[in-house]
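S.K.: I'm passing along model_22.cif; it holds mmCIF, C-alpha atoms and all ligand atoms.
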```
data_coords
loop_
_atom_site.label_atom_id
_atom_site.label_comp_id
_atom_site.auth_asym_id
_atom_site.auth_seq_id
_atom_site.Cartn_x
_atom_site.Cartn_y
_atom_site.Cartn_z
CA MET D 6 160.23 69.42 82.00
CA ASN D 7 158.39 72.72 82.21
CA LYS D 8 159.79 76.16 81.43
CA LYS D 9 160.21 77.09 85.09
CA TRP D 10 162.62 74.22 85.68
CA VAL D 11 164.61 74.99 82.57
CA LEU D 12 165.01 78.54 83.83
CA ILE D 13 166.08 77.42 87.32
CA ILE D 14 168.64 75.00 85.90
CA LEU D 15 169.99 77.69 83.56
CA CYS D 16 170.34 80.14 86.44
CA LEU D 17 172.10 77.52 88.57
CA TRP D 18 174.48 76.72 85.73
CA ALA D 19 175.26 80.41 85.23
CA PHE D 20 175.76 80.82 88.99
CA ILE D 21 178.16 77.86 89.17
CA ARG D 22 180.10 79.12 86.16
CA LEU D 23 180.38 82.61 87.61
CA SER D 24 181.42 81.42 91.06
CA PHE D 25 184.18 79.29 89.60
CA ALA D 26 185.15 81.85 86.99
CA GLU D 27 188.23 82.86 88.97
CA ASP D 28 189.45 79.32 89.29
CA ILE D 29 190.44 78.87 85.65
CA GLN D 30 193.95 77.52 85.33
CA ILE D 31 196.45 77.17 82.53
CA THR D 32 197.50 73.52 82.63
CA LYS D 33 199.54 72.92 79.52
CA ILE D 34 201.27 74.71 76.66
CA GLU D 35 201.84 72.55 73.64
CA ALA D 36 203.95 73.69 70.70
CA ASN D 37 203.22 72.30 67.24
CA HIS D 38 204.36 72.99 63.72
CA ASP D 39 202.16 72.57 60.68
CA ARG D 40 202.14 73.87 57.08
CA GLY D 41 204.67 76.61 57.76
CA PHE D 42 202.99 77.86 60.95
CA ASP D 43 203.95 77.48 64.59
CA TYR D 44 200.98 76.75 66.83
CA LEU D 45 200.80 77.01 70.58
CA ASP D 46 197.86 75.20 72.12
CA ILE D 47 197.31 76.73 75.54
CA HIS D 48 195.05 74.44 77.56
CA THR D 49 192.89 75.94 80.29
CA THR D 50 190.28 74.57 82.69
CA GLY D 51 187.61 76.94 81.31
CA TYR D 52 186.95 79.44 78.55
CA VAL D 53 189.23 82.49 78.70
CA LYS D 54 189.53 85.34 76.24
CA ALA D 55 193.28 85.68 75.90
CA LYS D 56 194.77 88.89 74.49
CA GLY D 57 198.12 89.35 72.79
CA LEU D 58 200.67 92.15 72.63
CA LEU D 59 203.63 92.02 70.25
CA LEU D 60 206.55 94.11 71.49
CA GLU D 61 209.45 93.61 69.08
CA ASN D 62 210.79 90.10 69.68
CA GLN D 63 208.54 89.39 72.62
CA LEU D 64 204.94 88.20 72.30
CA LEU D 65 202.95 88.54 75.54
CA ILE D 66 199.66 86.66 75.92
CA GLU D 67 197.48 87.75 78.82
CA PHE D 68 194.76 85.60 80.40
CA PRO D 69 192.42 87.57 82.68
CA ASN D 70 191.04 85.82 85.81
CA THR D 71 193.43 82.94 85.34
CA GLN D 72 196.01 81.14 87.45
CA ILE D 73 198.99 79.17 86.27
CA SER D 74 198.68 75.57 87.42
CA LYS D 75 201.52 74.43 89.71
CA ALA D 76 201.80 71.36 87.52
CA ILE D 77 201.90 73.28 84.24
CA GLU D 78 203.55 71.44 81.36
CA ILE D 79 205.38 73.56 78.80
CA SER D 80 206.58 71.78 75.69
CA LYS D 81 210.08 72.51 74.51
CA ARG D 82 209.72 71.70 70.84
CA LYS D 83 212.38 73.26 68.62
CA SER D 84 211.16 76.03 66.33
CA GLU D 85 212.83 78.46 63.95
CA ARG D 86 210.64 81.29 65.32
CA ILE D 87 210.29 80.61 69.03
CA LYS D 88 213.26 80.91 71.37
CA THR D 89 211.59 80.28 74.74
CA ILE D 90 208.13 80.01 76.28
CA SER D 91 207.49 80.83 79.93
CA ALA D 92 204.45 81.46 82.10
CA LYS D 93 204.12 83.83 85.01
CA GLN D 94 201.48 85.27 87.30
CA LEU D 95 200.87 89.03 86.92
CA GLY D 96 199.25 89.98 90.19
CA GLU D 97 196.59 87.67 91.62
CA LYS D 98 194.21 87.51 88.73
CA THR D 99 196.13 87.63 85.49
CA ALA D 100 198.35 84.98 83.97
CA GLN D 101 200.86 85.87 81.30
CA ILE D 102 202.66 83.72 78.78
CA VAL D 103 205.88 85.19 77.47
CA ILE D 104 207.13 83.99 74.10
CA GLU D 105 210.63 85.14 73.18
CA LEU D 106 211.04 85.21 69.42
CA LYS D 107 213.97 84.62 67.11
CA LYS D 108 212.59 86.57 64.14
CA ASP D 109 209.89 89.00 62.95
CA ILE D 110 206.45 87.40 63.10
CA ASP D 111 202.73 88.00 62.71
CA TYR D 112 200.29 86.21 64.98
CA GLU D 113 196.65 85.47 65.60
CA ILE D 114 194.93 84.18 68.75
CA VAL D 115 191.88 81.95 68.53
CA ASN D 116 190.08 81.35 71.82
CA VAL D 117 188.24 78.08 71.23
CA PHE D 118 184.91 78.11 73.03
CA GLY D 119 183.84 74.73 74.42
CA ARG D 120 187.30 73.17 74.02
CA ASN D 121 188.96 75.20 76.78
CA LYS D 122 192.00 76.25 74.90
CA SER D 123 193.52 79.23 73.17
CA VAL D 124 195.50 78.68 70.03
CA VAL D 125 198.28 81.09 69.08
CA GLU D 126 199.18 80.89 65.39
CA ILE D 127 202.59 82.29 64.53
CA CYS D 128 203.93 82.85 61.02
CA ASP D 129 206.77 84.79 59.44
CA ARG D 130 205.92 88.45 59.08
CA ILE D 131 203.62 88.72 56.06
CA ASP D 132 204.52 92.17 54.89
CA TYR D 133 207.10 94.85 55.35
CA ALA D 134 205.35 98.14 54.64
CA GLU D 135 208.30 99.98 56.23
CA ARG D 136 210.34 99.24 53.11
CA LEU D 137 208.03 101.59 51.20
CA MET D 138 208.59 104.19 53.94
CA ALA D 139 212.35 103.91 53.58
CA ALA D 140 212.11 104.49 49.81
CA TRP D 141 209.86 107.51 50.37
CA GLU D 142 212.31 109.01 52.88
CA LYS D 143 215.22 108.66 50.49
CA ALA D 144 213.29 110.64 47.87
CA ASN D 145 212.14 113.26 50.39
CA LEU D 146 215.69 113.91 51.58
CA LYS D 147 216.81 114.70 48.02
CA LYS D 148 213.99 117.14 47.19
CA LYS D 149 213.82 120.82 48.09
CA ALA D 150 210.88 122.06 50.15
CA PRO D 151 209.72 125.55 51.15
CA ALA D 152 210.49 126.67 54.71
CA LEU D 153 208.52 124.87 57.40
CA LYS D 154 205.43 126.72 58.60
CA PRO D 155 204.60 125.15 61.94
CA TYR D 156 201.38 125.92 63.77
CA LYS D 157 201.27 126.43 67.53
CA TYR D 158 198.45 125.49 69.90
CA ALA D 159 199.34 127.50 73.00
CA ILE D 160 197.82 126.85 76.41
CA LYS D 161 194.93 129.20 77.12
CA ASP D 162 194.17 128.90 80.81
CA LYS D 163 196.98 128.29 83.27
CA ALA D 164 194.81 128.48 86.40
CA GLU D 165 193.71 124.88 86.27
CA LYS D 166 196.17 122.05 86.89
CA LEU D 167 196.08 119.88 83.78
CA PRO D 168 197.83 116.50 83.26
CA LEU D 169 200.11 117.67 80.44
CA GLN D 170 200.86 121.14 81.79
CA GLY D 171 204.34 122.36 80.90
CA LYS D 172 204.88 119.74 78.21
CA VAL D 173 205.85 120.62 74.66
CA ILE D 174 204.70 118.15 72.03
CA VAL D 175 205.48 118.22 68.31
CA ILE D 176 203.00 116.41 66.05
CA ASP D 177 204.02 115.64 62.49
CA PRO D 178 201.19 114.91 60.02
CA GLY D 179 202.97 112.65 57.51
CA HIS D 180 203.49 113.94 53.94
CA GLY D 181 201.86 117.07 52.41
CA GLY D 182 201.82 119.29 49.34
CA LEU D 183 203.58 117.67 46.37
CA ASP D 184 204.00 114.50 48.39
CA PRO D 185 200.59 112.82 48.80
CA GLY D 186 201.91 109.74 50.61
CA ALA D 187 199.98 106.56 49.87
CA PHE D 188 196.52 106.53 48.31
CA SER D 189 193.64 104.74 49.99
CA ARG D 190 191.65 102.16 48.01
CA SER D 191 189.20 104.80 46.85
CA GLY D 192 191.93 107.31 46.06
CA ILE D 193 192.10 109.54 49.15
CA PRO D 194 195.70 110.71 49.71
CA GLU D 195 197.32 109.82 53.03
CA LYS D 196 198.44 113.47 53.49
CA HIS D 197 194.80 114.56 54.04
CA LEU D 198 194.04 111.79 56.53
CA THR D 199 197.22 112.44 58.53
CA LEU D 200 196.46 116.17 58.75
CA GLN D 201 192.85 115.62 59.85
CA THR D 202 193.94 113.16 62.54
CA ALA D 203 196.90 115.31 63.64
CA ARG D 204 194.59 118.29 64.20
CA LYS D 205 192.37 116.15 66.43
CA MET D 206 195.41 114.88 68.33
CA ALA D 207 196.79 118.39 68.75
CA SER D 208 193.54 119.83 69.96
CA LEU D 209 193.01 117.08 72.58
CA LEU D 210 196.63 117.23 73.79
CA ASN D 211 196.30 120.99 74.04
CA SER D 212 193.10 120.64 76.11
CA ALA D 213 195.07 118.33 78.42
CA GLY D 214 197.50 121.21 79.03
CA ALA D 215 200.32 120.68 76.53
CA THR D 216 201.82 123.27 74.21
CA VAL D 217 201.47 121.55 70.85
CA TYR D 218 203.05 122.27 67.49
CA LEU D 219 201.85 120.86 64.19
CA THR D 220 204.70 120.76 61.68
CA ARG D 221 202.15 121.80 59.04
CA ASN D 222 198.54 122.95 59.31
CA GLN D 223 197.81 123.08 55.61
CA ASP D 224 198.50 121.03 52.50
CA ARG D 225 202.15 122.04 52.27
CA THR D 226 205.30 120.32 51.01
CA VAL D 227 207.68 119.63 53.89
CA SER D 228 211.19 118.29 54.34
CA ILE D 229 211.67 115.61 56.98
CA LYS D 230 215.04 117.22 57.78
CA ASP D 231 213.27 120.50 58.66
CA ILE D 232 210.63 118.64 60.68
CA VAL D 233 213.10 116.95 62.98
CA GLY D 234 215.24 120.12 63.08
CA PHE D 235 212.21 122.03 64.33
CA ALA D 236 211.36 119.45 67.03
CA ASN D 237 214.96 119.66 68.29
CA GLU D 238 214.97 123.47 68.14
CA VAL D 239 211.82 123.90 70.27
CA LYS D 240 213.19 121.24 72.64
CA ALA D 241 210.00 119.23 72.49
CA ASP D 242 209.43 116.73 75.30
CA ILE D 243 208.11 114.23 72.81
CA PHE D 244 207.65 113.93 69.05
CA ILE D 245 204.88 111.97 67.34
CA SER D 246 204.68 111.40 63.61
CA ILE D 247 201.37 110.09 62.27
CA HIS D 248 201.07 108.06 59.08
CA TYR D 249 198.59 105.61 57.60
CA ASN D 250 199.97 102.34 56.37
CA PHE D 251 199.81 100.89 52.88
CA THR D 252 200.69 97.65 51.17
CA ASN D 253 199.63 95.94 47.95
CA LYS D 254 197.98 93.07 49.86
CA LYS D 255 194.49 94.30 50.71
CA GLU D 256 193.97 91.69 53.44
CA VAL D 257 196.80 93.12 55.56
CA SER D 258 195.45 95.32 58.37
CA GLY D 259 196.23 96.52 61.87
CA THR D 260 198.31 98.83 64.01
CA GLU D 261 202.10 99.24 63.92
CA THR D 262 204.11 101.53 66.18
CA TYR D 263 207.74 102.45 65.47
CA TYR D 264 210.62 103.88 67.45
CA TYR D 265 214.34 103.92 66.84
CA ASN D 266 216.37 105.47 69.65
CA ARG D 267 216.55 103.69 73.01
CA ASN D 268 215.15 106.73 74.86
CA SER D 269 211.96 106.38 72.77
CA ARG D 270 211.29 102.74 73.64
CA SER D 271 209.17 103.30 76.70
CA LEU D 272 206.91 105.87 74.99
CA ALA D 273 206.54 103.52 72.01
CA ARG D 274 205.66 100.51 74.20
CA ILE D 275 203.03 102.44 76.14
CA MET D 276 201.53 103.95 72.98
CA HIS D 277 201.36 100.61 71.20
CA GLN D 278 199.66 98.95 74.15
CA THR D 279 197.20 101.86 74.40
CA PHE D 280 196.24 101.43 70.73
CA ILE D 281 195.81 97.65 71.06
CA ASN D 282 193.52 98.07 74.08
CA GLY D 283 191.88 101.21 72.65
CA ILE D 284 191.06 101.16 68.93
CA LYS D 285 191.52 97.35 69.09
CA ARG D 286 192.72 96.70 65.56
CA LYS D 287 194.92 93.72 64.73
CA ASP D 288 198.21 93.90 66.63
CA ARG D 289 200.96 94.17 64.01
CA GLY D 290 203.54 94.88 66.62
CA LEU D 291 205.76 97.46 68.17
CA ARG D 292 208.78 97.57 65.92
CA ARG D 293 212.14 99.26 65.73
CA GLY D 294 212.57 101.07 62.43
CA MET D 295 215.29 103.47 61.36
CA PHE D 296 213.06 106.24 59.99
CA TYR D 297 214.69 109.62 59.55
CA THR D 298 212.64 111.76 61.95
CA ILE D 299 212.50 109.31 64.84
CA HIS D 300 216.19 108.53 64.33
CA HIS D 301 217.38 112.16 64.43
CA ALA D 302 215.06 113.51 67.12
CA HIS D 303 216.80 114.29 70.43
CA MET D 304 213.68 113.60 72.49
CA PRO D 305 211.55 110.42 72.76
CA ALA D 306 210.08 110.12 69.27
CA ILE D 307 207.64 107.66 67.71
CA LEU D 308 205.95 107.06 64.40
CA VAL D 309 202.45 105.60 64.59
CA GLU D 310 200.57 103.79 61.84
CA PRO D 311 197.17 103.00 63.39
CA LEU D 312 195.49 101.59 60.25
CA TYR D 313 196.13 100.29 56.75
CA ILE D 314 194.37 102.44 54.15
CA SER D 315 194.97 99.66 51.59
CA ASN D 316 192.54 97.47 53.57
CA PRO D 317 188.85 98.12 52.69
CA GLU D 318 187.57 98.05 56.28
CA GLU D 319 190.38 100.17 57.70
CA GLU D 320 190.14 102.70 54.87
CA LYS D 321 186.57 103.44 56.01
CA LEU D 322 187.76 103.84 59.60
CA ALA D 323 190.63 106.13 58.58
CA CYS D 324 188.19 108.38 56.70
CA SER D 325 185.72 108.53 59.61
CA ALA D 326 185.92 111.63 61.79
CA ASN D 327 184.69 109.57 64.75
CA PHE D 328 187.37 106.96 64.36
CA GLN D 329 190.08 109.59 63.89
CA ASN D 330 188.87 110.99 67.17
CA GLU D 331 189.26 107.56 68.82
CA ILE D 332 192.84 107.45 67.53
CA ALA D 333 193.44 110.94 68.94
CA LYS D 334 191.99 109.91 72.32
CA ASP D 335 194.33 106.90 72.45
CA ILE D 336 197.25 109.23 71.71
CA VAL D 337 196.31 111.41 74.69
CA ARG D 338 195.84 108.36 76.95
CA GLY D 339 199.20 106.99 75.85
CA VAL D 340 201.03 110.32 76.28
CA GLU D 341 199.53 110.85 79.75
CA ALA D 342 200.41 107.28 80.78
CA TYR D 343 203.95 107.82 79.50
CA PHE D 344 204.54 110.99 81.54
CA ARG D 345 203.01 109.30 84.61
CA SER D 346 205.44 106.39 84.12
CA GLN D 347 208.30 108.91 84.08
CA GLY D 348 207.11 110.28 87.42
CA HIS D 349 206.08 113.67 85.96
ZN ZN D 401 203.16 107.75 55.19
#
```
If you convert what's in this file into structure tokens, what do you get?
Ligand SMILES: [Zn+2]

M.R.:
Amino acid sequence: MNKKWVLIILCLWAFIRLSFAEDIQITKIEANHDRGFDYLDIHTTGYVKAKGLLLENQLLIEFPNTQISKAIEISKRKSERIKTISAKQLGEKTAQIVIELKKDIDYEIVNVFGRNKSVVEICDRIDYAERLMAAWEKANLKKKAPALKPYKYAIKDKAEKLPLQGKVIVIDPGHGGLDPGAFSRSGIPEKHLTLQTARKMASLLNSAGATVYLTRNQDRTVSIKDIVGFANEVKADIFISIHYNFTNKKEVSGTETYYYNRNSRSLARIMHQTFINGIKRKDRGLRRGMFYTIHHAHMPAILVEPLYISNPEEEKLACSANFQNEIAKDIVRGVEAYFRSQGH
């Protein structure tokens, strides 16, 4: 066979694949258990790149350009982690599998090319970095700190209609002064990284029309009581605390988003989804955590941990001005999407 024919056949194959691309179906969901893991084998009629989103005790798996077969089989195997599995169509082109969970998990999705299936691996949550946070808060609440010295980014030009006009946003760069927070693998204190990122967030939010306060704009010791007191006093519309995550297992990585009060849930869900689609790190879930600031804030309040500085790859990202900027852009996207969802 000469080269011309090979090319024609390749083009035809690509054409056929593309024309049938929208006809992929999910035919079967099989649940298995092996070596301490739960596995879901999701069988499809073609290769699909499925994406996951962990929102507390609900794991959503989205399949773009996919239909759910009318004859879909869903196994009902008993599991200590999975409560129910269901499949639904989201609009015409996206299929979604909803997994209701009984406990805290971590997960991974492997889209197997050539075998037409996606495998969801589910295990018990590997690490609880928020326990370290709780210990830090306890210590912070006991210590004395100088008066808060917040920094205001006021709106400059009111002529133009901007998406966040009229909104007051308080940004809290985690730690500061005598409290360095965690140290990255190469010894950079979290307090520096949170301040650098917070400044980028504040500046972009301000350009989008918001009045923004940083709870500190220098390396200064702060009290979390004063921070939340300030956010309540200026009647902020939303409060965002930025931290970088840390654990003693260097392989642990990814993005976690926290909220506590019910009125913060929607902001937290939107922000977590924006990070997972934006900076695209491992999805370590939207979680409810009783941290002091987000617990005592009167307005929707979240605490974001976009990266683990104890992970070698994510430490590099956290120290990169470009990547900090990507984080800040996701924050603006998330905040704008949140206010749109509220009809503002
Ligand atoms: Zn921290």

S.K.: Please, which residues in chain D fall within 10 Å of ligand ZN 401 (chain D) when counting only C-alpha atoms and all ligand atoms, and what is the closest atom pair and distance in Å to one decimal for each, ordered by chain then residue number, as a tab-separated table?

M.R.:
```
residue	atom	partner	partner_atom	distance
D:Ala134	CA	D:ZN401	ZN	9.9
D:Glu135	CA	D:ZN401	ZN	9.4
D:Leu137	CA	D:ZN401	ZN	8.8
D:Met138	CA	D:ZN401	ZN	6.6
D:Trp141	CA	D:ZN401	ZN	8.3
D:Glu142	CA	D:ZN401	ZN	9.5
D:Pro178	CA	D:ZN401	ZN	8.9
D:Gly179	CA	D:ZN401	ZN	5.4
D:His180	CA	D:ZN401	ZN	6.3
D:Gly181	CA	D:ZN401	ZN	9.8
D:Asp184	CA	D:ZN401	ZN	9.6
D:Pro185	CA	D:ZN401	ZN	8.6
D:Gly186	CA	D:ZN401	ZN	5.1
D:Ala187	CA	D:ZN401	ZN	6.3
D:Phe188	CA	D:ZN401	ZN	9.6
D:Pro194	CA	D:ZN401	ZN	9.7
D:Glu195	CA	D:ZN401	ZN	6.6
D:Lys196	CA	D:ZN401	ZN	7.6
D:Thr199	CA	D:ZN401	ZN	8.3
D:Ser246	CA	D:ZN401	ZN	9.3
D:Ile247	CA	D:ZN401	ZN	7.7
D:His248	CA	D:ZN401	ZN	4.4
D:Tyr249	CA	D:ZN401	ZN	5.6
D:Asn250	CA	D:ZN401	ZN	6.4
D:Phe251	CA	D:ZN401	ZN	8.0
D:Leu308	CA	D:ZN401	ZN	9.6
D:Val309	CA	D:ZN401	ZN	9.7
D:Glu310	CA	D:ZN401	ZN	8.2
```

S.K.: Would you mind exporting C-alpha atoms of the selected residues as a short mmCIF file (atom, residue, chain, number, x, y, z; two decimals), keeping the file's coordinate frame?

M.R.:
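Result file part.cif:
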```
data_model
loop_
_atom_site.label_atom_id
_atom_site.label_comp_id
_atom_site.auth_asym_id
_atom_site.auth_seq_id
_atom_site.Cartn_x
_atom_site.Cartn_y
_atom_site.Cartn_z
CA ALA D 134 205.35 98.14 54.64
CA GLU D 135 208.30 99.98 56.23
CA LEU D 137 208.03 101.59 51.20
CA MET D 138 208.59 104.19 53.94
CA TRP D 141 209.86 107.51 50.37
CA GLU D 142 212.31 109.01 52.88
CA PRO D 178 201.19 114.91 60.02
CA GLY D 179 202.97 112.65 57.51
CA HIS D 180 203.49 113.94 53.94
CA GLY D 181 201.86 117.07 52.41
CA ASP D 184 204.00 114.50 48.39
CA PRO D 185 200.59 112.82 48.80
CA GLY D 186 201.91 109.74 50.61
CA ALA D 187 199.98 106.56 49.87
CA PHE D 188 196.52 106.53 48.31
CA PRO D 194 195.70 110.71 49.71
CA GLU D 195 197.32 109.82 53.03
CA LYS D 196 198.44 113.47 53.49
CA THR D 199 197.22 112.44 58.53
CA SER D 246 204.68 111.40 63.61
CA ILE D 247 201.37 110.09 62.27
CA HIS D 248 201.07 108.06 59.08
CA TYR D 249 198.59 105.61 57.60
CA ASN D 250 199.97 102.34 56.37
CA PHE D 251 199.81 100.89 52.88
CA LEU D 308 205.95 107.06 64.40
CA VAL D 309 202.45 105.60 64.59
CA GLU D 310 200.57 103.79 61.84
#
```

S.K.: Could you give me, as number ranges by chain, the residues within 9 Å of segment 315-328 of chain D, counting all atoms listed in the file and dropping anything in the same chain fewer than 4 positions from it?

M.R.: D: 187-191, 193, 198, 201-202, 249-259, 284, 286, 311, 332-333

S.K.: If you measure from atom CA of Asp177 of chain D to atom CA of Gly294 of chain D, what distance in Å do you get, rounded to one decimal?

M.R.: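 Taking atom CA of Asp177 of chain D as the start and atom CA of Gly294 of chain D as the end point, the length is 16.9 Å.
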
S.K.: As an exercise, work out the distance from atom CA of Asn266 of chain D to atom CA of Thr298 of chain D in Å and give it to one decimal place.

M.R.: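 Answer for the atom CA of Asn266 of chain D to atom CA of Thr298 of chain D separation: 10.6 Å.
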
S.K.: Between atom CA of Ile275 of chain D and atom CA of Val124 of chain D, what is the spacing in Å?

M.R.: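 Value for the atom CA of Val124 of chain D-atom CA of Ile275 of chain D distance: 25.7 Å.
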
S.K.: So, counting all atoms listed in the file, which residue among D:Gly51, D:Pro151, D:Pro69, D:Gly192 is closest to Gly119 of chain D?

M.R.: D:Gly51

S.K.: Could you give me, as a PyMOL selection string, the residues that have an atom at most 9 Å away from the point (192.4, 80.7, 71.2) in the coordinates of the file, using all atoms listed in the file?

M.R.: chain D and resi 46-47+53-55+113-118+121-126

S.K.: With distances taken over all atoms listed in the file, which of D:Ile131, D:Ile336, D:Ile77, D:Met276 is nearest to Ile110 of chain D?

M.R.: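 Closest to Ile110 of chain D of all the choices is D:Ile131.
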
S.K.: Find, counting only C-alpha atoms, the residue in D:Glu61, D:Asp132, D:Glu78, D:Glu331 that gets nearest to Tyr313 of chain D.

M.R.: D:Asp132
